[in-house]
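A.B. asks: Structure supplied as my_file.csv; contents: CSV, C-alpha atoms.
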```
chain,number,residue,atom,x,y,z
A,5,MET,CA,52.9,-6.1,-46.9
A,6,PRO,CA,49.6,-6.7,-49.0
A,7,PHE,CA,47.7,-9.9,-48.4
A,8,ASN,CA,48.2,-12.6,-51.0
A,9,LEU,CA,45.3,-15.0,-51.2
A,10,ASP,CA,47.0,-17.5,-53.4
A,11,LYS,CA,50.0,-17.7,-51.1
A,12,PHE,CA,47.7,-18.3,-48.1
A,13,VAL,CA,45.7,-21.0,-49.9
A,14,ALA,CA,48.9,-22.7,-50.9
A,15,SER,CA,50.2,-22.8,-47.4
A,16,PRO,CA,47.5,-21.9,-44.8
A,17,SER,CA,48.4,-21.5,-41.1
A,18,VAL,CA,46.8,-20.4,-37.9
A,19,GLU,CA,49.4,-17.7,-37.3
A,20,GLU,CA,48.9,-16.1,-40.7
A,21,LEU,CA,45.1,-16.4,-40.3
A,22,ASP,CA,45.3,-14.6,-37.0
A,23,SER,CA,47.2,-11.7,-38.6
A,24,LEU,CA,44.6,-11.1,-41.3
A,25,LYS,CA,42.0,-8.3,-41.2
A,26,LYS,CA,38.3,-9.0,-41.4
A,27,SER,CA,38.1,-8.1,-45.0
A,28,GLU,CA,41.0,-10.5,-45.8
A,29,ILE,CA,39.4,-13.3,-43.8
A,30,VAL,CA,36.1,-12.7,-45.8
A,31,LYS,CA,38.1,-13.2,-49.0
A,32,VAL,CA,39.5,-16.5,-47.7
A,33,ALA,CA,36.0,-17.6,-46.6
A,34,LYS,CA,34.5,-16.8,-50.0
A,35,HIS,CA,37.4,-18.6,-51.7
A,36,TYR,CA,36.6,-21.8,-49.9
A,37,GLY,CA,32.8,-21.3,-50.4
A,38,ILE,CA,32.1,-20.9,-46.7
A,39,GLU,CA,28.6,-19.5,-45.9
A,40,PHE,CA,28.4,-16.7,-43.4
A,41,GLN,CA,26.6,-13.5,-42.5
A,42,PRO,CA,28.2,-10.3,-43.6
A,43,LEU,CA,27.4,-8.7,-40.3
A,44,MET,CA,29.1,-11.4,-38.3
A,45,ARG,CA,32.2,-10.5,-36.3
A,46,LYS,CA,35.7,-11.2,-37.4
A,47,ASP,CA,36.3,-14.0,-34.8
A,48,GLU,CA,33.1,-15.8,-35.9
A,49,ILE,CA,34.1,-15.8,-39.5
A,50,LYS,CA,37.7,-16.9,-38.6
A,51,ARG,CA,36.3,-19.8,-36.6
A,52,TYR,CA,34.2,-20.9,-39.6
A,53,VAL,CA,37.4,-20.9,-41.7
A,54,LEU,CA,39.3,-22.9,-39.2
A,55,GLU,CA,36.5,-25.5,-38.9
A,56,TYR,CA,36.5,-25.8,-42.7
A,57,LEU,CA,40.2,-26.3,-42.9
A,58,VAL,CA,40.1,-28.9,-40.1
A,59,ASP,CA,37.2,-30.7,-41.8
A,60,GLU,CA,39.2,-30.8,-45.1
A,61,SER,CA,42.2,-32.1,-43.3
A,62,ILE,CA,44.2,-29.1,-44.3
A,63,LEU,CA,45.0,-28.2,-40.7
A,64,PRO,CA,45.2,-30.5,-37.7
A,65,SER,CA,42.2,-30.6,-35.2
A,66,THR,CA,44.4,-29.2,-32.5
A,67,VAL,CA,44.2,-25.7,-33.9
A,68,LEU,CA,40.6,-25.5,-32.8
A,69,GLU,CA,41.7,-25.9,-29.1
A,70,THR,CA,44.1,-23.0,-29.3
A,71,ALA,CA,41.7,-20.8,-31.4
A,72,ILE,CA,39.6,-18.0,-29.7
A,73,THR,CA,36.5,-19.4,-28.1
A,74,VAL,CA,33.5,-18.0,-29.8
A,75,PRO,CA,30.0,-18.6,-28.5
A,76,THR,CA,28.2,-21.0,-30.7
A,77,ASP,CA,24.8,-19.5,-30.0
A,78,ASN,CA,24.7,-16.2,-32.0
A,79,THR,CA,20.9,-16.1,-32.4
A,80,PHE,CA,20.3,-13.1,-30.1
A,81,GLU,CA,23.1,-11.1,-31.7
A,82,LEU,CA,22.1,-11.9,-35.2
A,83,LYS,CA,18.5,-11.0,-34.3
A,84,ARG,CA,19.6,-7.6,-32.9
A,85,LEU,CA,21.7,-6.9,-36.0
A,86,GLU,CA,18.8,-7.9,-38.3
A,87,MET,CA,16.4,-5.6,-36.4
A,88,GLU,CA,18.8,-2.7,-36.6
A,89,MET,CA,19.2,-3.3,-40.3
A,90,ASN,CA,15.4,-3.6,-40.9
A,91,LYS,CA,14.9,-0.4,-38.9
A,92,GLU,CA,17.4,1.5,-41.0
A,93,ILE,CA,15.7,0.2,-44.1
A,94,ARG,CA,12.3,1.3,-42.9
A,95,LEU,CA,13.6,4.7,-42.0
A,96,LYS,CA,15.0,5.1,-45.5
A,97,GLU,CA,11.8,3.9,-47.1
A,98,MET,CA,9.8,6.4,-44.9
A,99,GLU,CA,12.1,9.2,-45.9
A,100,ARG,CA,11.7,8.3,-49.6
A,101,GLU,CA,7.9,8.2,-49.2
A,102,ARG,CA,7.9,11.7,-47.5
A,103,GLU,CA,10.1,13.1,-50.3
A,104,ARG,CA,7.8,11.6,-52.9
A,105,GLU,CA,4.6,13.0,-51.2
A,106,GLU,CA,6.3,16.4,-50.9
A,107,ARG,CA,7.2,16.3,-54.6
A,108,GLU,CA,3.6,15.4,-55.5
A,109,ARG,CA,2.2,18.2,-53.3
A,110,GLU,CA,4.6,20.7,-54.9
A,111,GLU,CA,3.7,19.5,-58.4
A,112,ARG,CA,0.0,19.6,-57.6
A,113,ALA,CA,0.3,23.1,-56.1
A,114,GLU,CA,2.2,24.2,-59.2
A,115,ARG,CA,-0.4,22.8,-61.5
A,116,GLU,CA,-3.2,24.5,-59.6
A,117,LYS,CA,-1.3,27.8,-59.7
A,118,GLU,CA,-0.7,27.5,-63.4
A,119,GLU,CA,-4.4,26.7,-63.9
A,120,ARG,CA,-5.5,29.8,-61.9
A,121,GLU,CA,-3.0,31.9,-63.8
A,122,MET,CA,-4.3,30.6,-67.1
A,123,GLN,CA,-7.9,31.3,-66.0
A,124,ARG,CA,-6.9,34.8,-64.9
A,125,GLU,CA,-5.1,35.5,-68.1
A,126,ALA,CA,-8.1,34.2,-70.1
A,127,ARG,CA,-10.5,36.5,-68.2
A,128,GLU,CA,-8.1,39.5,-68.6
A,129,HIS,CA,-7.8,38.7,-72.3
A,130,GLU,CA,-11.5,38.5,-72.7
A,131,PHE,CA,-11.9,41.7,-70.8
A,132,ARG,CA,-9.3,43.5,-72.9
A,133,LEU,CA,-11.0,42.3,-76.1
A,134,LYS,CA,-14.3,43.8,-74.7
A,135,GLN,CA,-12.4,47.1,-74.1
A,136,LEU,CA,-11.0,47.0,-77.6
A,137,GLU,CA,-14.4,46.4,-79.0
A,138,LEU,CA,-15.7,49.4,-77.0
A,139,GLY,CA,-12.7,51.5,-78.1
A,140,VAL,CA,-11.4,52.6,-74.6
A,141,ILE,CA,-7.8,51.4,-74.6
A,142,LYS,CA,-5.8,54.5,-74.5
A,143,GLY,CA,-3.2,54.7,-77.4
A,144,SER,CA,-4.7,51.8,-79.4
A,145,ASP,CA,-6.1,54.3,-81.8
A,146,PRO,CA,-5.5,58.0,-82.1
A,147,LYS,CA,-9.3,58.6,-82.4
A,148,ILE,CA,-10.2,56.5,-79.3
A,149,GLY,CA,-11.7,58.4,-76.5
A,150,SER,CA,-13.2,61.2,-78.5
A,151,ASP,CA,-16.6,61.6,-80.0
A,152,THR,CA,-18.4,64.2,-82.0
A,153,GLY,CA,-19.1,66.0,-78.7
A,154,GLY,CA,-15.4,66.2,-77.9
A,155,PHE,CA,-15.6,64.1,-74.7
A,156,ASP,CA,-12.3,62.4,-74.1
A,157,VAL,CA,-12.7,59.3,-72.0
A,158,SER,CA,-8.9,58.9,-71.3
A,159,LYS,CA,-8.8,62.3,-69.5
A,160,HIS,CA,-11.6,61.4,-67.1
A,161,VAL,CA,-10.7,57.7,-66.3
A,162,LYS,CA,-8.4,58.8,-63.4
A,163,PHE,CA,-11.4,60.3,-61.6
A,164,VAL,CA,-13.4,57.0,-61.5
A,165,PRO,CA,-13.5,55.7,-57.9
A,166,LYS,CA,-11.8,52.4,-57.1
A,167,PHE,CA,-14.2,49.4,-57.3
A,168,GLN,CA,-14.8,47.6,-54.0
A,169,GLU,CA,-16.5,44.2,-54.1
A,170,ASP,CA,-17.4,44.4,-50.4
A,171,ASN,CA,-19.4,47.6,-50.9
A,172,VAL,CA,-20.7,47.7,-54.5
A,173,GLU,CA,-23.6,50.0,-53.7
A,174,LYS,CA,-21.3,52.7,-52.3
A,175,PHE,CA,-19.2,52.4,-55.5
A,176,PHE,CA,-22.2,53.0,-57.8
A,177,ASN,CA,-23.5,55.9,-55.6
A,178,HIS,CA,-20.1,57.5,-55.6
A,179,PHE,CA,-19.7,57.1,-59.3
A,180,GLU,CA,-23.2,58.5,-60.1
A,181,LYS,CA,-22.6,61.6,-57.9
A,182,LEU,CA,-19.2,62.1,-59.5
A,183,GLY,CA,-20.7,61.8,-62.9
A,184,GLU,CA,-23.3,64.4,-62.2
A,185,GLN,CA,-20.8,66.7,-60.7
A,186,GLN,CA,-18.3,66.3,-63.6
A,187,LYS,CA,-21.2,66.5,-66.1
A,188,TRP,CA,-20.1,63.3,-67.9
A,189,PRO,CA,-22.4,62.3,-70.7
A,190,ARG,CA,-24.5,59.4,-69.4
A,191,ASP,CA,-23.9,57.4,-72.6
A,192,LYS,CA,-20.2,57.3,-71.6
A,193,TRP,CA,-20.8,56.1,-68.0
A,194,SER,CA,-20.6,52.4,-69.0
A,195,ILE,CA,-17.3,53.0,-70.7
A,196,LEU,CA,-15.8,54.9,-67.7
A,197,ILE,CA,-17.1,52.6,-65.0
A,198,GLN,CA,-15.9,49.3,-66.5
A,199,ILE,CA,-12.2,50.4,-66.3
A,200,ASN,CA,-11.9,49.6,-62.6
A,201,PHE,CA,-14.0,46.4,-62.5
A,202,THR,CA,-12.4,43.4,-60.8
A,203,GLY,CA,-13.4,39.9,-59.7
A,204,LYS,CA,-17.0,38.9,-60.2
A,205,ALA,CA,-18.0,42.3,-61.7
A,206,GLN,CA,-15.4,41.9,-64.4
A,207,GLU,CA,-16.7,38.5,-65.2
A,208,VAL,CA,-20.3,39.7,-65.4
A,209,TYR,CA,-19.3,42.7,-67.6
A,210,SER,CA,-17.4,40.4,-70.0
A,211,ALA,CA,-20.4,38.2,-70.4
A,212,LEU,CA,-22.6,41.0,-71.5
A,213,SER,CA,-23.3,41.7,-75.2
A,214,ILE,CA,-21.8,44.7,-76.8
A,215,GLU,CA,-25.2,46.5,-76.8
A,216,ASP,CA,-25.9,45.8,-73.2
A,217,SER,CA,-22.4,46.7,-72.1
A,218,MET,CA,-22.9,50.2,-73.6
A,219,ASP,CA,-26.0,50.7,-71.4
A,220,TYR,CA,-25.1,51.9,-67.9
A,221,ASP,CA,-28.4,50.9,-66.3
A,222,LYS,CA,-28.1,47.3,-67.7
A,223,VAL,CA,-24.5,47.1,-66.5
A,224,LYS,CA,-25.4,48.3,-63.1
A,225,ARG,CA,-28.4,46.0,-62.8
A,226,ALA,CA,-26.4,42.9,-63.9
A,227,ILE,CA,-23.6,43.6,-61.4
A,228,LEU,CA,-26.0,44.3,-58.5
A,229,GLN,CA,-27.8,41.1,-59.3
A,230,ALA,CA,-24.5,39.2,-59.4
A,231,TYR,CA,-23.8,40.4,-55.9
A,232,GLU,CA,-27.4,39.7,-54.8
A,233,LEU,CA,-28.1,43.5,-54.4
A,234,VAL,CA,-31.7,43.3,-55.8
A,235,PRO,CA,-34.9,44.4,-54.1
A,236,GLU,CA,-35.8,40.9,-52.9
A,237,ALA,CA,-32.3,40.6,-51.3
A,238,TYR,CA,-32.7,43.9,-49.6
A,239,ARG,CA,-36.2,42.9,-48.3
A,240,GLN,CA,-34.9,39.7,-46.8
A,241,LYS,CA,-32.0,41.5,-45.2
A,242,PHE,CA,-34.4,43.9,-43.6
A,243,ARG,CA,-36.8,41.2,-42.4
A,244,LYS,CA,-34.1,38.7,-41.2
A,245,TYR,CA,-31.7,41.1,-39.6
A,246,ARG,CA,-31.3,40.4,-35.9
A,247,LYS,CA,-29.4,42.2,-33.2
A,248,ALA,CA,-25.9,40.8,-32.4
A,249,ASP,CA,-24.6,40.4,-28.9
A,250,THR,CA,-21.9,43.0,-29.5
A,251,GLN,CA,-24.3,45.6,-30.8
A,252,THR,CA,-26.0,48.4,-28.9
A,253,TYR,CA,-29.7,48.9,-29.6
A,254,VAL,CA,-28.8,52.2,-31.2
A,255,GLU,CA,-26.4,50.4,-33.6
A,256,PHE,CA,-29.0,47.7,-34.3
A,257,ALA,CA,-31.7,50.3,-35.0
A,258,TYR,CA,-29.4,52.1,-37.4
A,259,GLN,CA,-28.5,49.0,-39.4
A,260,LYS,CA,-32.2,48.0,-39.5
A,261,GLU,CA,-33.1,51.4,-40.8
A,262,ARG,CA,-30.4,51.2,-43.5
A,263,HIS,CA,-31.7,47.9,-44.7
A,264,PHE,CA,-35.2,49.3,-44.9
A,265,ASP,CA,-34.1,52.4,-46.7
A,266,ARG,CA,-32.1,50.4,-49.2
A,267,TRP,CA,-35.1,48.2,-49.8
A,268,CYS,CA,-37.3,51.2,-50.4
A,269,ALA,CA,-34.7,52.9,-52.6
A,270,SER,CA,-34.4,49.7,-54.8
A,271,LYS,CA,-38.2,49.7,-55.3
A,272,LYS,CA,-38.1,53.5,-55.9
A,273,VAL,CA,-40.4,54.2,-53.0
A,274,SER,CA,-40.5,58.0,-52.6
A,275,THR,CA,-44.0,58.8,-51.3
A,276,CYS,CA,-46.4,57.5,-48.6
A,277,ASN,CA,-48.6,56.0,-51.3
A,278,THR,CA,-45.7,53.9,-52.9
A,279,LEU,CA,-44.7,52.8,-49.4
A,280,ARG,CA,-48.3,51.8,-48.8
A,281,GLN,CA,-48.3,49.7,-52.0
A,282,LEU,CA,-45.0,48.1,-51.0
A,283,MET,CA,-46.3,47.0,-47.6
A,284,LEU,CA,-49.6,45.7,-49.1
A,285,VAL,CA,-47.9,43.8,-51.9
A,286,GLU,CA,-45.5,42.2,-49.5
A,287,GLU,CA,-48.3,41.1,-47.1
A,288,PHE,CA,-50.3,39.8,-50.0
A,289,LYS,CA,-47.5,37.7,-51.4
A,290,ARG,CA,-46.8,36.3,-47.9
A,291,CYS,CA,-50.3,34.9,-47.8
A,292,LEU,CA,-49.9,33.0,-51.2
A,293,ASN,CA,-48.6,29.6,-52.0
A,294,ASP,CA,-45.1,29.3,-53.5
A,295,ASN,CA,-46.2,28.7,-57.1
A,296,ILE,CA,-48.2,31.9,-57.3
A,297,LYS,CA,-45.6,33.8,-55.3
A,298,THR,CA,-42.9,32.8,-57.8
A,299,HIS,CA,-45.1,33.8,-60.7
A,300,LEU,CA,-45.6,37.3,-59.2
A,301,GLU,CA,-41.9,37.7,-58.5
A,302,GLU,CA,-41.1,36.9,-62.2
A,303,ASN,CA,-43.5,39.5,-63.4
A,304,LYS,CA,-42.2,42.2,-61.0
A,305,ALA,CA,-45.5,44.0,-60.3
A,306,ASP,CA,-45.3,46.7,-57.7
A,307,LYS,CA,-49.0,47.7,-57.3
A,308,LEU,CA,-51.5,45.7,-55.4
A,309,SER,CA,-54.1,45.9,-58.2
A,310,GLU,CA,-51.5,44.6,-60.7
A,311,VAL,CA,-50.4,41.8,-58.3
A,312,THR,CA,-54.0,40.6,-57.7
A,313,ASN,CA,-54.8,40.6,-61.4
A,314,LEU,CA,-51.7,38.5,-62.1
A,315,ALA,CA,-52.7,36.1,-59.3
A,316,ASP,CA,-56.2,35.7,-60.7
A,317,GLN,CA,-54.8,35.0,-64.2
A,318,TYR,CA,-52.5,32.4,-62.8
A,319,ALA,CA,-55.2,30.8,-60.8
A,320,LEU,CA,-57.5,30.6,-63.9
A,321,THR,CA,-54.7,29.3,-66.0
A,322,HIS,CA,-53.9,26.6,-63.5
A,323,LYS,CA,-57.5,25.9,-62.6
A,324,PHE,CA,-57.1,27.2,-59.1
A,325,SER,CA,-60.4,29.1,-58.7
A,326,LYS,CA,-60.1,29.3,-54.9
A,327,VAL,CA,-56.4,29.6,-54.2
A,328,GLY,CA,-55.5,29.5,-50.6
A,329,GLN,CA,-59.0,28.6,-49.2
A,330,THR,CA,-57.7,25.2,-48.0
A,331,GLN,CA,-54.7,26.8,-46.3
A,332,ASN,CA,-55.1,29.0,-43.3
A,333,LYS,CA,-51.8,30.5,-44.2
A,334,GLY,CA,-53.2,31.8,-47.4
A,335,GLN,CA,-55.7,34.2,-45.9
A,336,PHE,CA,-55.3,37.9,-45.1
A,337,SER,CA,-57.4,37.4,-41.9
A,338,ARG,CA,-58.9,34.4,-40.1
A,339,PRO,CA,-62.7,34.1,-40.1
A,340,ASN,CA,-64.4,34.9,-36.8
A,341,LYS,CA,-66.4,31.9,-35.6
A,342,LYS,CA,-69.2,34.0,-34.1
A,343,TYR,CA,-70.3,35.1,-37.6
A,344,GLY,CA,-72.2,32.7,-39.8
A,345,ASN,CA,-73.4,29.1,-39.1
A,346,SER,CA,-70.9,26.5,-38.1
A,347,SER,CA,-72.5,24.1,-40.6
A,348,GLY,CA,-71.4,26.2,-43.5
A,349,THR,CA,-75.0,27.4,-44.4
A,350,THR,CA,-75.6,30.8,-46.0
A,351,SER,CA,-76.0,33.7,-43.6
A,352,ASN,CA,-78.6,36.5,-43.9
A,353,SER,CA,-76.1,38.7,-45.8
A,354,GLY,CA,-75.7,36.1,-48.5
A,355,SER,CA,-72.1,35.1,-47.7
A,356,GLN,CA,-70.9,31.7,-46.5
A,357,SER,CA,-69.5,31.2,-43.0
A,358,GLY,CA,-65.8,31.5,-42.9
A,359,SER,CA,-65.6,34.2,-45.6
A,360,ILE,CA,-62.9,36.8,-45.2
A,361,SER,CA,-65.2,39.8,-44.9
A,362,PRO,CA,-68.7,40.9,-45.9
A,363,THR,CA,-67.3,43.0,-48.7
A,364,ASN,CA,-66.1,39.7,-50.4
A,365,SER,CA,-69.7,38.5,-50.8
A,366,GLY,CA,-70.2,40.2,-54.1
A,367,LYS,CA,-71.9,43.3,-52.7
A,368,LYS,CA,-70.8,46.6,-54.1
A,369,GLN,CA,-68.5,48.6,-51.9
A,370,PRO,CA,-70.2,51.7,-50.4
A,371,ASP,CA,-69.3,55.0,-51.8
A,372,SER,CA,-68.2,56.2,-48.4
A,373,SER,CA,-65.5,53.4,-48.3
A,374,ARG,CA,-64.3,54.3,-51.8
A,375,GLN,CA,-64.1,58.0,-50.9
A,376,LYS,CA,-62.1,57.1,-47.7
A,377,ASN,CA,-59.6,55.0,-49.7
A,378,ASP,CA,-59.3,57.8,-52.3
A,379,GLN,CA,-58.7,60.3,-49.4
A,380,VAL,CA,-55.9,58.0,-48.0
A,381,SER,CA,-54.2,57.8,-51.4
A,382,SER,CA,-54.4,61.5,-52.0
A,383,ASN,CA,-52.9,62.1,-48.5
A,384,CYS,CA,-50.0,59.7,-49.2
A,385,GLN,CA,-48.2,61.8,-51.8
A,386,THR,CA,-45.7,63.3,-49.4
A,387,LYS,CA,-42.2,62.4,-50.3
A,388,LEU,CA,-40.2,60.2,-47.9
A,389,PRO,CA,-36.6,61.0,-47.0
A,390,LEU,CA,-34.6,57.7,-47.5
A,391,ARG,CA,-31.0,56.9,-46.8
A,392,THR,CA,-29.0,55.3,-49.6
```
Could the structure of this file be written out as structure tokens, please?

C.D. replies:
Amino acid sequence: MPFNLDKFVASPSVEELDSLKKSEIVKVAKHYGIEFQPLMRKDEIKRYVLEYLVDESILPSTVLETAITVPTDNTFELKRLEMEMNKEIRLKEMEREREREEREREERAEREKEEREMQREAREHEFRLKQLELGVIKGSDPKIGSDTGGFDVSKHVKFVPKFQEDNVEKFFNHFEKLGEQQKWPRDKWSILIQINFTGKAQEVYSALSIEDSMDYDKVKRAILQAYELVPEAYRQKFRKYRKADTQTYVEFAYQKERHFDRWCASKKVSTCNTLRQLMLVEEFKRCLNDNIKTHLEENKADKLSEVTNLADQYALTHKFSKVGQTQNKGQFSRPNKKYGNSSGTTSNSGSQSGSISPTNSGKKQPDSSRQKNDQVSSNCQTKLPLRT
């Protein structure tokens, strides 16, 4: 039979109160305005209701003696229930926080992916525009790929080797050998080679002007420079390369030789004389200060005579008439203390103490010395075999 609150309020009794469920007792307590904790047990709430009914003289005080004895000190139990409830609340908050952070990470990753995709599409679009400008997209025009000489680019594209960013030099060497073997017109090399460009090479090619992108040598130079495959980079690799613990001495020597040959090949060293100039120029630059060295690098002089003239011009322009005399590092050789006076007075030969050599005192070089140098240069015309 369903509980009738109005009927109970009209005629309350202990017997009927004992037969009620907790939810029904809660309704009675709320009706009378009795304060209680929702997590309290049924017996505790029922006792509060009985005490209220006795205080209001609705029921006699004897009912409390027969009612279930409930401990009056519920502090520990309430504290435990409160702690459990707070723990559950914290767990739910932590779970919501984790879900929120996870959503943020996913959204951030999605945004970054979209940005990368947009950048990639933009690069591809720019690259495709460059191809359209050069007229190499097969099928975009019935006349594309043919010229007055009858060379069809689309028929030879399949022979172009795959571009490898980790071995750019090998790619260019392979392509050039293939171009010579297939007898491709050199003015079509830039059109053929750009088909397989990827990554940084594609970006560099897209940044070139139309005129430069049609010049194979300029395309190659720009891409090698982007990958730091220039003479100075080869030189530093050769000079700084050291043996690894896992290498044998044969492997180390082979790699060292490869770096040297690549350096020589990048400087077009093919004879003993050009190799001699390469060594002299490098040693000369090593003895200069950074400002002059940078100036010489920018002018790209390969012969010692050209480098020394540029250095003198720079010194005059910047009012450095005696560059390097105040720095021991800036000398080809250190002065020998046994020559000249320690006080800096002029020696019998007319040169000051601490000069580099007697030939720098202004005296004319003997004919025998000039003849000797000419003989060395004439004997240094033998071609050198280099590995590429």

A.B. asks: From the options A:Lys224, A:Arg239, A:Lys34, A:Lys271, which residue's atoms come nearest to Lys50 of chain A, counting all atoms listed in the file?

C.D. replies: A:Lys34

A.B. asks: For Trp267 of chain A, please output as a PyMOL selection string all residues within 10 Å (counting all atoms listed in the file; exclusion window: fewer than 2 positions along the same chain).

C.D. replies: chain A and resi 233-242+261-265+269-273+282+390+392

A.B. asks: What separation in Å, quoted to one decimal, exists between atom CA of Gln185 of chain A and atom CA of Lys222 of chain A?

C.D. replies: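 Straight-line distance from atom CA of Gln185 of chain A to atom CA of Lys222 of chain A works out to 21.9 Å.
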
A.B. asks: Kindly give the distance, in Å, that separates atom CA of Glu86 of chain A and atom CA of Val30 of chain A, rounded to a single decimal.

C.D. replies: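 Pair atom CA of Glu86 of chain A / atom CA of Val30 of chain A returns 19.5 Å.
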
A.B. asks: May I ask which of the residues A:Val161, A:Ala205, A:Leu57, A:Leu284 is the closest one to Trp188 of chain A, counting only C-alpha atoms?

C.D. replies: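 Of all the options, A:Val161 lies closest to Trp188 of chain A.
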
A.B. asks: Figure out the distance between atom CA of Ala226 of chain A and atom CA of Tyr209 of chain A, please, to one decimal in Å.

C.D. replies: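 Atom CA of Tyr209 of chain A sits 8.0 Å away from atom CA of Ala226 of chain A.
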
A.B. asks: Excluding Thr312 of chain A and residues on its chain fewer than 3 positions from it, collect all residues at most 10 Å away from it, counting all atoms listed in the file, and give them as a ChimeraX atom specification.

C.D. replies: /A:285,288-289,300,305,307-309,315-318

A.B. asks: Counting all atoms listed in the file, which residues sit no farther than 12 Å from the position (-22.6, 60.6, -64.8) in the file's frame? I'd like them as a list in words.

C.D. replies: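 Returned residue set, sorted by chain then number, is His160, Phe163, Val164, Phe176, Asn177, His178, Phe179, Glu180, Lys181, Leu182, Gly183, Glu184, Gln185, Gln186, Lys187, Trp188, Pro189, Arg190, Asp191, Lys192, Trp193, Ser194, Ile195, Leu196, Ile197, Tyr220 and Asp221 of chain A.
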
A.B. asks: Grab the residues selected above and save them as a compact mmCIF listing (two decimals), in the coordinates of the input with C-alpha atoms.

C.D. replies:
```txt
# COMPACT_ATOMS: atom_id res chain seq x y z
CA HIS A 160 -11.60 61.40 -67.10
CA PHE A 163 -11.40 60.30 -61.60
CA VAL A 164 -13.40 57.00 -61.50
CA PHE A 176 -22.20 53.00 -57.80
CA ASN A 177 -23.50 55.90 -55.60
CA HIS A 178 -20.10 57.50 -55.60
CA PHE A 179 -19.70 57.10 -59.30
CA GLU A 180 -23.20 58.50 -60.10
CA LYS A 181 -22.60 61.60 -57.90
CA LEU A 182 -19.20 62.10 -59.50
CA GLY A 183 -20.70 61.80 -62.90
CA GLU A 184 -23.30 64.40 -62.20
CA GLN A 185 -20.80 66.70 -60.70
CA GLN A 186 -18.30 66.30 -63.60
CA LYS A 187 -21.20 66.50 -66.10
CA TRP A 188 -20.10 63.30 -67.90
CA PRO A 189 -22.40 62.30 -70.70
CA ARG A 190 -24.50 59.40 -69.40
CA ASP A 191 -23.90 57.40 -72.60
CA LYS A 192 -20.20 57.30 -71.60
CA TRP A 193 -20.80 56.10 -68.00
CA SER A 194 -20.60 52.40 -69.00
CA ILE A 195 -17.30 53.00 -70.70
CA LEU A 196 -15.80 54.90 -67.70
CA ILE A 197 -17.10 52.60 -65.00
CA TYR A 220 -25.10 51.90 -67.90
CA ASP A 221 -28.40 50.90 -66.30
```
